[in-house]
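Data from protein_25.pdb: PDB, C-alpha atoms, pLDDT in the B column
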ATOM      1  CA  GLY A 269       0.000   0.000   0.000  1.00 44.00           C
ATOM      2  CA  MET A 270       0.927   3.669  -0.158  1.00 42.00           C
ATOM      3  CA  ILE A 271       2.882   5.196   2.726  1.00 45.00           C
ATOM      4  CA  SER A 272       3.469   8.875   3.497  1.00 46.00           C
ATOM      5  CA  THR A 273       6.760  10.597   2.764  1.00 43.00           C
ATOM      6  CA  ALA A 274       7.326  11.125   6.494  1.00 45.00           C
ATOM      7  CA  THR A 275       6.750   7.433   7.261  1.00 45.00           C
ATOM      8  CA  ALA A 276       9.096   6.376   4.475  1.00 46.00           C
ATOM      9  CA  ALA A 277      11.756   8.730   5.803  1.00 45.00           C
ATOM     10  CA  ARG A 278      11.454   7.282   9.265  1.00 46.00           C
ATOM     11  CA  MET A 279      11.818   3.728   7.914  1.00 47.00           C
ATOM     12  CA  GLN A 280      14.894   4.772   5.908  1.00 50.00           C
ATOM     13  CA  ALA A 281      16.411   6.448   8.962  1.00 43.00           C
ATOM     14  CA  ASN A 282      15.891   3.388  11.128  1.00 48.00           C
ATOM     15  CA  GLN A 283      17.589   1.235   8.499  1.00 49.00           C
ATOM     16  CA  ALA A 284      20.448   3.708   8.309  1.00 44.00           C
ATOM     17  CA  PHE A 285      21.005   3.381  12.037  1.00 42.00           C
ATOM     18  CA  GLN A 286      21.289  -0.382  11.684  1.00 48.00           C
ATOM     19  CA  ASP A 287      23.633  -0.154   8.682  1.00 48.00           C
ATOM     20  CA  GLY A 288      25.794   2.515  10.278  1.00 47.00           C
ATOM     21  CA  ALA A 289      26.194   0.957  13.701  1.00 45.00           C
ATOM     22  CA  GLY A 290      29.966   0.556  13.148  1.00 45.00           C
ATOM     23  CA  PRO A 291      32.619   3.230  13.370  1.00 42.00           C
ATOM     24  CA  CYS A 292      31.159   5.489  10.664  1.00 45.00           C
ATOM     25  CA  ASN A 293      30.161   8.578  12.713  1.00 50.00           C
ATOM     26  CA  ALA A 294      29.046  10.511   9.618  1.00 50.00           C
ATOM     27  CA  SER A 295      26.506   7.818   8.800  1.00 49.00           C
ATOM     28  CA  ARG A 296      25.164   7.859  12.357  1.00 49.00           C
ATOM     29  CA  ALA A 297      24.906  11.658  12.357  1.00 52.00           C
ATOM     30  CA  ARG A 298      23.044  11.629   9.051  1.00 53.00           C
ATOM     31  CA  SER A 299      20.701   8.984  10.405  1.00 47.00           C
ATOM     32  CA  ARG A 300      19.869  11.146  13.403  1.00 54.00           C
ATOM     33  CA  GLU A 301      19.082  14.068  11.095  1.00 51.00           C
ATOM     34  CA  MET A 302      16.779  11.859   9.019  1.00 45.00           C
ATOM     35  CA  LEU A 303      14.924  10.671  12.129  1.00 45.00           C
ATOM     36  CA  ILE A 304      14.410  14.235  13.316  1.00 45.00           C
ATOM     37  CA  LEU A 305      13.037  15.231   9.919  1.00 43.00           C
ATOM     38  CA  ALA A 306      10.783  12.188   9.785  1.00 41.00           C
ATOM     39  CA  ARG A 307       9.308  12.843  13.216  1.00 46.00           C
ATOM     40  CA  GLY A 308       8.822  16.478  12.341  1.00 48.00           C
ATOM     41  CA  GLY A 309       6.961  15.482   9.192  1.00 44.00           C
ATOM     42  CA  LEU A 310       4.644  13.176  11.100  1.00 38.00           C
ATOM     43  CA  ALA A 311       3.982  15.872  13.693  1.00 46.00           C
ATOM     44  CA  SER A 312       3.199  18.460  11.023  1.00 46.00           C
ATOM     45  CA  GLU A 313       0.783  16.051   9.309  1.00 45.00           C
ATOM     46  CA  ALA A 314      -1.074  15.538  12.621  1.00 53.00           C
ATOM     47  CA  ALA A 315      -1.024  19.258  13.403  1.00 53.00           C
ATOM     48  CA  ARG A 316      -2.743  20.096  10.128  1.00 53.00           C
ATOM     49  CA  SER A 317      -5.831  18.061  11.142  1.00 83.00           C
ATOM     50  CA  LEU A 318      -5.893  18.941  14.889  1.00 91.00           C
ATOM     51  CA  ARG A 319      -7.977  22.016  15.641  1.00 94.00           C
ATOM     52  CA  THR A 320      -8.807  23.604  18.963  1.00 95.00           C
ATOM     53  CA  ARG A 321     -11.087  26.265  20.392  1.00 97.00           C
ATOM     54  CA  SER A 322     -12.014  27.347  23.914  1.00 97.00           C
ATOM     55  CA  HIS A 323     -15.286  28.648  25.319  1.00 98.00           C
ATOM     56  CA  SER A 324     -16.258  30.038  28.730  1.00 97.00           C
ATOM     57  CA  ALA A 325     -19.385  28.561  30.324  1.00 96.00           C
ATOM     58  CA  MET A 326     -20.604  27.115  33.633  1.00 94.00           C
ATOM     59  CA  GLY A 327     -17.953  29.052  35.524  1.00 91.00           C
ATOM     60  CA  THR A 328     -15.077  27.318  33.743  1.00 94.00           C
ATOM     61  CA  GLU A 329     -13.249  27.054  30.431  1.00 97.00           C
ATOM     62  CA  PHE A 330     -14.228  24.343  27.959  1.00 98.00           C
ATOM     63  CA  THR A 331     -11.489  23.468  25.458  1.00 97.00           C
ATOM     64  CA  LEU A 332     -12.406  21.328  22.479  1.00 97.00           C
ATOM     65  CA  TYR A 333      -9.874  19.487  20.315  1.00 96.00           C
ATOM     66  CA  LEU A 334     -11.038  18.150  16.959  1.00 96.00           C
ATOM     67  CA  ASP A 335      -9.401  15.874  14.412  1.00 92.00           C
ATOM     68  CA  SER A 336     -10.643  17.277  11.117  1.00 89.00           C
ATOM     69  CA  ALA A 337      -8.797  18.298   7.978  1.00 90.00           C
ATOM     70  CA  ASP A 338     -11.952  20.105   6.829  1.00 91.00           C
ATOM     71  CA  GLU A 339     -11.920  23.557   8.427  1.00 92.00           C
ATOM     72  CA  VAL A 340     -15.555  24.331   7.586  1.00 94.00           C
ATOM     73  CA  ARG A 341     -16.723  21.061   9.138  1.00 94.00           C
ATOM     74  CA  ALA A 342     -14.562  21.636  12.211  1.00 95.00           C
ATOM     75  CA  GLN A 343     -15.959  25.135  12.771  1.00 96.00           C
ATOM     76  CA  ALA A 344     -19.491  23.799  12.467  1.00 96.00           C
ATOM     77  CA  CYS A 345     -18.694  21.200  15.139  1.00 97.00           C
ATOM     78  CA  PHE A 346     -17.178  23.824  17.439  1.00 97.00           C
ATOM     79  CA  ASP A 347     -20.328  25.929  17.097  1.00 98.00           C
ATOM     80  CA  ALA A 348     -22.659  22.963  17.660  1.00 97.00           C
ATOM     81  CA  VAL A 349     -20.825  21.750  20.773  1.00 98.00           C
ATOM     82  CA  PHE A 350     -20.559  25.164  22.410  1.00 98.00           C
ATOM     83  CA  ASP A 351     -24.170  26.014  21.547  1.00 98.00           C
ATOM     84  CA  GLU A 352     -25.193  22.823  23.330  1.00 98.00           C
ATOM     85  CA  ILE A 353     -23.117  23.720  26.393  1.00 98.00           C
ATOM     86  CA  ASP A 354     -24.661  27.208  26.475  1.00 98.00           C
ATOM     87  CA  ARG A 355     -28.134  25.654  26.246  1.00 98.00           C
ATOM     88  CA  LEU A 356     -27.380  23.412  29.213  1.00 98.00           C
ATOM     89  CA  GLU A 357     -26.050  26.318  31.246  1.00 97.00           C
ATOM     90  CA  SER A 358     -29.207  28.309  30.564  1.00 97.00           C
ATOM     91  CA  THR A 359     -31.227  25.321  31.805  1.00 97.00           C
ATOM     92  CA  PHE A 360     -29.269  24.187  34.855  1.00 97.00           C
ATOM     93  CA  SER A 361     -27.590  27.299  36.253  1.00 96.00           C
ATOM     94  CA  ARG A 362     -29.066  28.605  39.489  1.00 94.00           C
ATOM     95  CA  PHE A 363     -27.360  31.927  38.769  1.00 92.00           C
ATOM     96  CA  ARG A 364     -29.725  32.622  35.866  1.00 94.00           C
ATOM     97  CA  ALA A 365     -33.160  33.744  36.962  1.00 95.00           C
ATOM     98  CA  SER A 366     -34.726  32.378  33.773  1.00 96.00           C
ATOM     99  CA  SER A 367     -33.326  28.840  34.154  1.00 97.00           C
ATOM    100  CA  GLU A 368     -35.519  25.875  35.004  1.00 98.00           C
ATOM    101  CA  ILE A 369     -33.442  25.191  38.126  1.00 97.00           C
ATOM    102  CA  SER A 370     -34.007  28.751  39.357  1.00 97.00           C
ATOM    103  CA  ARG A 371     -37.750  28.319  38.789  1.00 98.00           C
ATOM    104  CA  LEU A 372     -37.723  25.131  40.852  1.00 98.00           C
ATOM    105  CA  ASN A 373     -35.697  26.819  43.591  1.00 97.00           C
ATOM    106  CA  ARG A 374     -38.308  29.574  43.747  1.00 97.00           C
ATOM    107  CA  GLU A 375     -41.473  27.516  43.514  1.00 97.00           C
ATOM    108  CA  ALA A 376     -40.948  23.805  44.254  1.00 97.00           C
ATOM    109  CA  GLY A 377     -41.122  24.460  47.998  1.00 96.00           C
ATOM    110  CA  ASP A 378     -44.785  25.408  47.572  1.00 96.00           C
ATOM    111  CA  GLY A 379     -45.833  22.116  46.004  1.00 97.00           C
ATOM    112  CA  PRO A 380     -45.126  19.702  43.136  1.00 98.00           C
ATOM    113  CA  MET A 381     -43.874  21.359  39.951  1.00 97.00           C
ATOM    114  CA  VAL A 382     -43.871  19.734  36.532  1.00 98.00           C
ATOM    115  CA  THR A 383     -40.459  20.020  34.908  1.00 98.00           C
ATOM    116  CA  ASP A 384     -39.004  19.040  31.546  1.00 95.00           C
ATOM    117  CA  PRO A 385     -37.679  15.492  30.958  1.00 97.00           C
ATOM    118  CA  GLU A 386     -34.007  16.471  30.814  1.00 97.00           C
ATOM    119  CA  VAL A 387     -34.080  18.329  34.129  1.00 98.00           C
ATOM    120  CA  PHE A 388     -36.045  15.536  35.777  1.00 98.00           C
ATOM    121  CA  GLN A 389     -33.548  12.955  34.502  1.00 98.00           C
ATOM    122  CA  LEU A 390     -30.523  14.842  35.832  1.00 98.00           C
ATOM    123  CA  LEU A 391     -32.177  15.436  39.211  1.00 98.00           C
ATOM    124  CA  ALA A 392     -32.991  11.730  39.435  1.00 98.00           C
ATOM    125  CA  ALA A 393     -29.387  10.835  38.582  1.00 98.00           C
ATOM    126  CA  ALA A 394     -28.087  13.242  41.245  1.00 98.00           C
ATOM    127  CA  LEU A 395     -30.399  11.809  43.909  1.00 98.00           C
ATOM    128  CA  ASP A 396     -29.301   8.304  42.952  1.00 98.00           C
ATOM    129  CA  VAL A 397     -25.689   9.300  43.629  1.00 97.00           C
ATOM    130  CA  SER A 398     -26.768  10.839  46.946  1.00 97.00           C
ATOM    131  CA  ARG A 399     -28.480   7.603  47.872  1.00 97.00           C
ATOM    132  CA  LYS A 400     -25.453   5.493  46.968  1.00 97.00           C
ATOM    133  CA  THR A 401     -23.053   7.800  48.855  1.00 97.00           C
ATOM    134  CA  GLU A 402     -25.417   8.155  51.818  1.00 96.00           C
ATOM    135  CA  GLY A 403     -25.575  11.896  51.330  1.00 96.00           C
ATOM    136  CA  VAL A 404     -21.888  12.612  50.779  1.00 96.00           C
ATOM    137  CA  PHE A 405     -22.931  13.944  47.385  1.00 97.00           C
ATOM    138  CA  ASP A 406     -25.791  16.381  47.890  1.00 97.00           C
ATOM    139  CA  ILE A 407     -27.191  18.887  45.392  1.00 97.00           C
ATOM    140  CA  THR A 408     -29.240  20.729  48.040  1.00 97.00           C
ATOM    141  CA  VAL A 409     -26.288  22.871  49.133  1.00 95.00           C
ATOM    142  CA  GLY A 410     -27.474  26.084  47.483  1.00 93.00           C
ATOM    143  CA  GLN A 411     -28.035  27.941  50.764  1.00 93.00           C
ATOM    144  CA  LEU A 412     -24.707  26.737  52.142  1.00 93.00           C
ATOM    145  CA  MET A 413     -22.923  27.934  49.013  1.00 89.00           C
ATOM    146  CA  ARG A 414     -24.584  31.309  49.495  1.00 89.00           C
ATOM    147  CA  ALA A 415     -23.708  31.455  53.221  1.00 89.00           C
ATOM    148  CA  TRP A 416     -20.012  30.813  52.553  1.00 89.00           C
ATOM    149  CA  GLY A 417     -19.966  33.332  49.713  1.00 84.00           C
ATOM    150  CA  PHE A 418     -19.184  30.782  47.024  1.00 83.00           C
ATOM    151  CA  SER A 419     -22.021  32.166  44.958  1.00 71.00           C
ATOM    152  CA  GLY A 420     -20.130  35.433  44.551  1.00 67.00           C
ATOM    153  CA  ARG A 421     -16.519  36.468  44.191  1.00 68.00           C
ATOM    154  CA  GLN A 422     -15.725  37.058  47.860  1.00 78.00           C
ATOM    155  CA  PRO A 423     -15.998  33.863  49.936  1.00 83.00           C
ATOM    156  CA  GLY A 424     -15.965  34.315  53.693  1.00 85.00           C
ATOM    157  CA  ILE A 425     -16.697  32.547  56.959  1.00 90.00           C
ATOM    158  CA  PRO A 426     -20.383  32.939  57.900  1.00 87.00           C
ATOM    159  CA  ASP A 427     -21.493  33.740  61.420  1.00 89.00           C
ATOM    160  CA  ALA A 428     -23.006  30.920  63.448  1.00 93.00           C
ATOM    161  CA  ARG A 429     -26.615  32.048  62.966  1.00 93.00           C
ATOM    162  CA  THR A 430     -26.295  32.342  59.177  1.00 90.00           C
ATOM    163  CA  LEU A 431     -24.592  28.948  58.959  1.00 92.00           C
ATOM    164  CA  ALA A 432     -27.207  27.246  61.129  1.00 93.00           C
ATOM    165  CA  ALA A 433     -30.044  28.713  59.038  1.00 92.00           C
ATOM    166  CA  ALA A 434     -28.403  27.475  55.831  1.00 92.00           C
ATOM    167  CA  GLN A 435     -27.868  23.992  57.241  1.00 93.00           C
ATOM    168  CA  GLU A 436     -31.578  23.779  58.020  1.00 93.00           C
ATOM    169  CA  CYS A 437     -32.238  24.017  54.267  1.00 93.00           C
ATOM    170  CA  VAL A 438     -29.923  21.169  53.266  1.00 96.00           C
ATOM    171  CA  GLY A 439     -30.786  17.513  52.772  1.00 96.00           C
ATOM    172  CA  TRP A 440     -31.247  15.480  49.600  1.00 97.00           C
ATOM    173  CA  THR A 441     -34.075  13.474  51.154  1.00 97.00           C
ATOM    174  CA  ASN A 442     -36.137  16.686  51.077  1.00 97.00           C
ATOM    175  CA  ILE A 443     -36.499  16.415  47.304  1.00 98.00           C
ATOM    176  CA  GLU A 444     -39.416  14.316  46.135  1.00 98.00           C
ATOM    177  CA  LEU A 445     -39.645  13.196  42.502  1.00 98.00           C
ATOM    178  CA  ASP A 446     -42.721  11.651  40.928  1.00 98.00           C
ATOM    179  CA  PRO A 447     -41.736   9.828  37.693  1.00 97.00           C
ATOM    180  CA  GLU A 448     -45.358   9.252  36.670  1.00 97.00           C
ATOM    181  CA  TRP A 449     -46.202  12.958  36.624  1.00 97.00           C
ATOM    182  CA  ARG A 450     -42.610  14.171  36.192  1.00 98.00           C
ATOM    183  CA  THR A 451     -42.943  16.520  39.151  1.00 98.00           C
ATOM    184  CA  VAL A 452     -40.413  17.906  41.600  1.00 98.00           C
ATOM    185  CA  GLU A 453     -41.272  19.003  45.119  1.00 98.00           C
ATOM    186  CA  PHE A 454     -39.043  20.418  47.839  1.00 98.00           C
ATOM    187  CA  LEU A 455     -40.274  19.262  51.237  1.00 97.00           C
ATOM    188  CA  ARG A 456     -38.490  22.073  53.044  1.00 95.00           C
ATOM    189  CA  HIS A 457     -38.995  25.777  52.355  1.00 93.00           C
ATOM    190  CA  GLY A 458     -35.796  27.595  51.476  1.00 95.00           C
ATOM    191  CA  LEU A 459     -34.111  24.539  49.986  1.00 97.00           C
ATOM    192  CA  GLU A 460     -31.997  25.414  46.947  1.00 97.00           C
ATOM    193  CA  VAL A 461     -30.532  23.011  44.416  1.00 97.00           C
ATOM    194  CA  ASP A 462     -27.054  23.592  43.010  1.00 96.00           C
ATOM    195  CA  LEU A 463     -26.078  21.249  40.169  1.00 96.00           C
ATOM    196  CA  GLY A 464     -22.473  22.440  39.980  1.00 92.00           C
ATOM    197  CA  GLY A 465     -21.223  19.008  40.986  1.00 92.00           C
ATOM    198  CA  ILE A 466     -22.908  17.151  38.147  1.00 96.00           C
ATOM    199  CA  ALA A 467     -24.024  19.510  35.360  1.00 96.00           C
ATOM    200  CA  LYS A 468     -20.524  20.067  33.963  1.00 95.00           C
ATOM    201  CA  GLY A 469     -19.956  16.334  33.570  1.00 95.00           C
ATOM    202  CA  TYR A 470     -23.348  16.014  31.934  1.00 97.00           C
ATOM    203  CA  ALA A 471     -22.391  18.822  29.534  1.00 97.00           C
ATOM    204  CA  VAL A 472     -19.226  16.914  28.609  1.00 97.00           C
ATOM    205  CA  ASP A 473     -21.327  13.808  27.875  1.00 96.00           C
ATOM    206  CA  CYS A 474     -23.653  15.855  25.688  1.00 97.00           C
ATOM    207  CA  ALA A 475     -20.687  17.346  23.838  1.00 96.00           C
ATOM    208  CA  MET A 476     -19.440  13.852  23.053  1.00 96.00           C
ATOM    209  CA  GLY A 477     -22.890  13.021  21.720  1.00 96.00           C
ATOM    210  CA  VAL A 478     -22.741  15.982  19.334  1.00 97.00           C
ATOM    211  CA  LEU A 479     -19.337  14.911  18.007  1.00 96.00           C
ATOM    212  CA  ARG A 480     -20.320  11.275  17.570  1.00 95.00           C
ATOM    213  CA  SER A 481     -23.473  12.277  15.718  1.00 95.00           C
ATOM    214  CA  ALA A 482     -21.320  14.374  13.387  1.00 94.00           C
ATOM    215  CA  GLY A 483     -18.818  11.541  12.918  1.00 93.00           C
ATOM    216  CA  VAL A 484     -15.912  13.685  14.135  1.00 93.00           C
ATOM    217  CA  GLN A 485     -13.207  12.553  16.554  1.00 93.00           C
ATOM    218  CA  GLY A 486     -12.409  14.879  19.404  1.00 95.00           C
ATOM    219  CA  LEU A 487     -11.645  15.516  23.050  1.00 96.00           C
ATOM    220  CA  ILE A 488     -13.163  18.056  25.417  1.00 97.00           C
ATOM    221  CA  ASP A 489     -11.567  19.394  28.584  1.00 96.00           C
ATOM    222  CA  ALA A 490     -13.824  21.202  31.040  1.00 95.00           C
ATOM    223  CA  GLY A 491     -11.543  23.066  33.398  1.00 92.00           C
ATOM    224  CA  SER A 492      -9.200  20.050  33.660  1.00 88.00           C
ATOM    225  CA  SER A 493     -11.621  18.298  36.024  1.00 87.00           C
ATOM    226  CA  SER A 494     -13.973  16.701  33.493  1.00 91.00           C
ATOM    227  CA  ILE A 495     -12.381  15.306  30.349  1.00 93.00           C
ATOM    228  CA  ALA A 496     -13.770  12.973  27.688  1.00 95.00           C
ATOM    229  CA  ALA A 497     -12.800  11.777  24.223  1.00 94.00           C
ATOM    230  CA  THR A 498     -14.774  10.163  21.427  1.00 92.00           C
ATOM    231  CA  ASP A 499     -12.409   7.183  21.586  1.00 86.00           C
ATOM    232  CA  ALA A 500      -9.314   6.016  23.436  1.00 79.00           C
ATOM    233  CA  ALA A 501      -7.056   6.299  20.378  1.00 73.00           C
ATOM    234  CA  PHE A 502      -7.743  10.036  20.040  1.00 71.00           C
ATOM    235  CA  ALA A 503      -7.193  10.596  23.770  1.00 63.00           C
ATOM    236  CA  ARG A 504      -3.698   9.134  23.486  1.00 66.00           C
TER     237      ARG A 504
END
Whole structure, C-alpha cells version:
Amino acid sequence: GMISTATAARMQANQAFQDGAGPCNASRARSREMLILARGGLASEAARSLRTRSHSAMGTEFTLYLDSADEVRAQACFDAVFDEIDRLESTFSRFRASSEISRLNREAGDGPMVTDPEVFQLLAAALDVSRKTEGVFDITVGQLMRAWGFSGRQPGIPDARTLAAAQECVGWTNIELDPEWRTVEFLRHGLEVDLGGIAKGYAVDCAMGVLRSAGVQGLIDAGSSSIAATDAAFAR
C-alpha cells in the first residue's frame, strides 16, 4: 500500500542506524538528522488536522480538540458543541433567573412542579448518587454555598446564625420526585438546588454526543476536572 513521505523517511532512517552501527560517525549523524526530519513530518501532518477552540461557560473554560482536515466542518462542530453547552447552562444554572433550576428553587417548595424530561432525569441521577453515597454527594447545598460566599466572588466565613439557618435548608431526602407525573417538590422551604457538581460532567457527555453524531473525533476538557474523548485512540 501507499505510505506517506514522512513514514518512508522514518523507515529509511531506522535502516540507516542499523547499517551505520559501526565506526562510521558521519553515517550515524546523518541517520539522526533523518529521524528528526521524519518525526517532524509526522507531527506536522497531525497538526494540520488537529484544531482547537475554547469557550467560557458554567464558571469554567471548555477546550475542544477536533481531528478534522476540513476547516468548515470543524468550525461547524465547534459551534454545535458550544451552543449545546450554552443551552445546558441556561437550563441548569441557578445563577440565571430564567433557568428551570431557578424556577424550581423559587417555587418547588410550595408544592409539586412539573419540569421538563431532561431536568427531571438529571435530578434523578443526582439523587441516585446521593443515595449510593449516603448523602456525601448532595445537590441541596445552594443555601450553604450562598452562606459561605461561594455564589459570589468574595468567599468568607459565615457567622453561626447564618450557617445554622443554611444547614436547616440542606438535605437530599427533602427532594421528592414523581416519575409518573414528572414533578419535583421540595419538602423544606428555602431549599436550593445547586447542580455544579454534576451539570458540567453532563455537559461533557452531551458534547461527546454531538461529536459522535457528526462523525468527528475529538476531546473536550472542562476546566481540567472533566475530560472525555470520542475514543481512546484520540485521547492518546
One decimal, Å: what's the distance from CA of Asp473 in chain A over to CA of Met381 in chain A, could you say?
26.7 Å
Which residues of range 376-418 of chain A have any atom within 7 Å of an atom in range 434-442 of chain A when counting all atoms listed in the file, and what is the closest pair of atoms for each, with the distance in Å to one decimal? Order the rows by chain and rising number and write it as JSON lines.
{"residue": "A:Leu395", "atom": "CA", "partner": "A:Trp440", "partner_atom": "CA", "distance": 6.8}
{"residue": "A:Ser398", "atom": "CA", "partner": "A:Trp440", "partner_atom": "CA", "distance": 7.0}
{"residue": "A:Gly403", "atom": "CA", "partner": "A:Trp440", "partner_atom": "CA", "distance": 6.9}
{"residue": "A:Asp406", "atom": "CA", "partner": "A:Trp440", "partner_atom": "CA", "distance": 5.8}
{"residue": "A:Ile407", "atom": "CA", "partner": "A:Trp440", "partner_atom": "CA", "distance": 6.8}
{"residue": "A:Thr408", "atom": "CA", "partner": "A:Val438", "partner_atom": "CA", "distance": 5.3}
{"residue": "A:Val409", "atom": "CA", "partner": "A:Val438", "partner_atom": "CA", "distance": 5.8}
{"residue": "A:Gln411", "atom": "CA", "partner": "A:Ala434", "partner_atom": "CA", "distance": 5.1}
{"residue": "A:Leu412", "atom": "CA", "partner": "A:Ala434", "partner_atom": "CA", "distance": 5.3}
{"residue": "A:Ala415", "atom": "CA", "partner": "A:Ala434", "partner_atom": "CA", "distance": 6.7}
Between CA of Val397 in chain A and CA of Leu463 in chain A, what is the distance, to one decimal in Å?
12.4 Å
At most 6 Å is the cut-off: for each residue in range 305-418 of chain A with any atom that close to an atom of range 422-427 of chain A, write down the nearest atom pair and the distance in Å rounded to one decimal, counting all atoms listed in the file, chain first then increasing number, as a tab-separated table.
residue	atom	partner	partner_atom	distance
A:Ala415	CA	A:Pro426	CA	5.9
A:Trp416	CA	A:Gly424	CA	5.5
A:Gly417	CA	A:Pro423	CA	4.0
A:Phe418	CA	A:Pro423	CA	5.3
Using 6 Å of padding on each side, determine the axis-aligned box around all atoms of range 422-426 of chain A present in the file and give its centre and edge lengths in Å to one decimal, as JSON.
{"center_x": -18.1, "center_y": 34.8, "center_z": 52.9, "size_x": 16.7, "size_y": 16.5, "size_z": 22.0}
Enter the distance from CA of Glu357 in chain A to CA of Leu479 in chain A, in Å, rounded to one decimal.
18.7 Å
Return the single residue from A:Ser317, A:Leu431, A:Phe350, A:Ala500 that is closest to Leu332 in chain A, with distances computed using all atoms listed in the file.
A:Phe350
Taking the file above as input, evaluate the PyMOL selection byres ((chain A and resi 324) around 10) and report the hits as a compact mmCIF listing (two decimals) with C-alpha atoms, in the coordinates of the input.
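As a result, expr.txt now contains:
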# COMPACT_ATOMS: atom_id res chain seq x y z
CA SER A 322 -12.01 27.35 23.91
CA HIS A 323 -15.29 28.65 25.32
CA ALA A 325 -19.39 28.56 30.32
CA MET A 326 -20.60 27.12 33.63
CA GLY A 327 -17.95 29.05 35.52
CA THR A 328 -15.08 27.32 33.74
CA GLU A 329 -13.25 27.05 30.43
CA PHE A 330 -14.23 24.34 27.96
CA THR A 331 -11.49 23.47 25.46
CA PHE A 350 -20.56 25.16 22.41
CA ILE A 353 -23.12 23.72 26.39
CA ASP A 354 -24.66 27.21 26.48
CA ALA A 490 -13.82 21.20 31.04
CA GLY A 491 -11.54 23.07 33.40
I need the output of the PyMOL selection byres ((chain A and resi 444) around 8) for this file as an mmCIF file with C-alpha atoms, in the coordinates of the input; which residues are they?
data_model
loop_
_atom_site.group_PDB
_atom_site.id
_atom_site.type_symbol
_atom_site.label_atom_id
_atom_site.label_comp_id
_atom_site.auth_asym_id
_atom_site.auth_seq_id
_atom_site.Cartn_x
_atom_site.Cartn_y
_atom_site.Cartn_z
ATOM 1 C CA THR A 441 -34.075 13.474 51.154
ATOM 2 C CA ASN A 442 -36.137 16.686 51.077
ATOM 3 C CA ILE A 443 -36.499 16.415 47.304
ATOM 4 C CA LEU A 445 -39.645 13.196 42.502
ATOM 5 C CA ASP A 446 -42.721 11.651 40.928
ATOM 6 C CA VAL A 452 -40.413 17.906 41.600
ATOM 7 C CA GLU A 453 -41.272 19.003 45.119
ATOM 8 C CA PHE A 454 -39.043 20.418 47.839
ATOM 9 C CA LEU A 455 -40.274 19.262 51.237
#
Using the chain letters and numbers from the file, give me the residues hit by the PyMOL selection byres ((chain A and resi 457) around 9), as a ChimeraX atom specification.
/A:376-378,437,454-456,458-460
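Among the candidates A:Gly379, A:Ser336, A:Met413, A:Asp396, the one nearest to Gly464 in chain A when counting all atoms listed in the file is A:Met413.
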Do a neighbour search on range 340-345 of chain A at 8 Å with all atoms listed in the file, toss out local chain neighbours closer than 5 positions, and write the hits as a list of chain:residue names.
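The neighbour list is A:Arg319, A:Leu334, A:Val478, A:Leu479, A:Ala482.
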Please, could N, CA, C and O atoms be added to range 478-488 of chain A and the result written as a short mmCIF file (atom, residue, chain, number, x, y, z; two decimals), in the coordinates of the input?
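Once written, out_3.cif looks like this:
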data_model
loop_
_atom_site.label_atom_id
_atom_site.label_comp_id
_atom_site.auth_asym_id
_atom_site.auth_seq_id
_atom_site.Cartn_x
_atom_site.Cartn_y
_atom_site.Cartn_z
N VAL A 478 -22.73 15.12 20.53
CA VAL A 478 -22.74 15.98 19.33
C VAL A 478 -21.65 15.55 18.36
O VAL A 478 -21.89 15.44 17.15
N LEU A 479 -20.44 15.30 18.88
CA LEU A 479 -19.34 14.91 18.01
C LEU A 479 -19.58 13.55 17.36
O LEU A 479 -19.31 13.37 16.16
N ARG A 480 -20.08 12.61 18.13
CA ARG A 480 -20.32 11.28 17.57
C ARG A 480 -21.41 11.32 16.50
O ARG A 480 -21.32 10.62 15.50
N SER A 481 -22.42 12.14 16.72
CA SER A 481 -23.47 12.28 15.72
C SER A 481 -22.93 12.87 14.43
O SER A 481 -23.38 12.55 13.33
N ALA A 482 -21.93 13.74 14.55
CA ALA A 482 -21.32 14.37 13.39
C ALA A 482 -20.24 13.51 12.75
O ALA A 482 -19.73 13.82 11.68
N GLY A 483 -19.86 12.42 13.44
CA GLY A 483 -18.82 11.54 12.92
C GLY A 483 -17.43 12.15 12.98
O GLY A 483 -16.57 11.85 12.15
N VAL A 484 -17.20 13.01 14.00
CA VAL A 484 -15.91 13.68 14.14
C VAL A 484 -15.25 13.23 15.43
O VAL A 484 -15.90 13.16 16.48
N GLN A 485 -13.95 12.93 15.36
CA GLN A 485 -13.21 12.55 16.55
C GLN A 485 -12.77 13.80 17.30
O GLN A 485 -12.41 14.81 16.69
N GLY A 486 -12.81 13.71 18.63
CA GLY A 486 -12.41 14.88 19.40
C GLY A 486 -12.27 14.59 20.88
O GLY A 486 -12.57 13.48 21.35
N LEU A 487 -11.80 15.58 21.59
CA LEU A 487 -11.64 15.52 23.05
C LEU A 487 -12.06 16.86 23.62
O LEU A 487 -11.75 17.90 23.05
N ILE A 488 -12.76 16.81 24.76
CA ILE A 488 -13.16 18.06 25.42
C ILE A 488 -12.65 18.05 26.85
O ILE A 488 -12.70 17.04 27.55
#
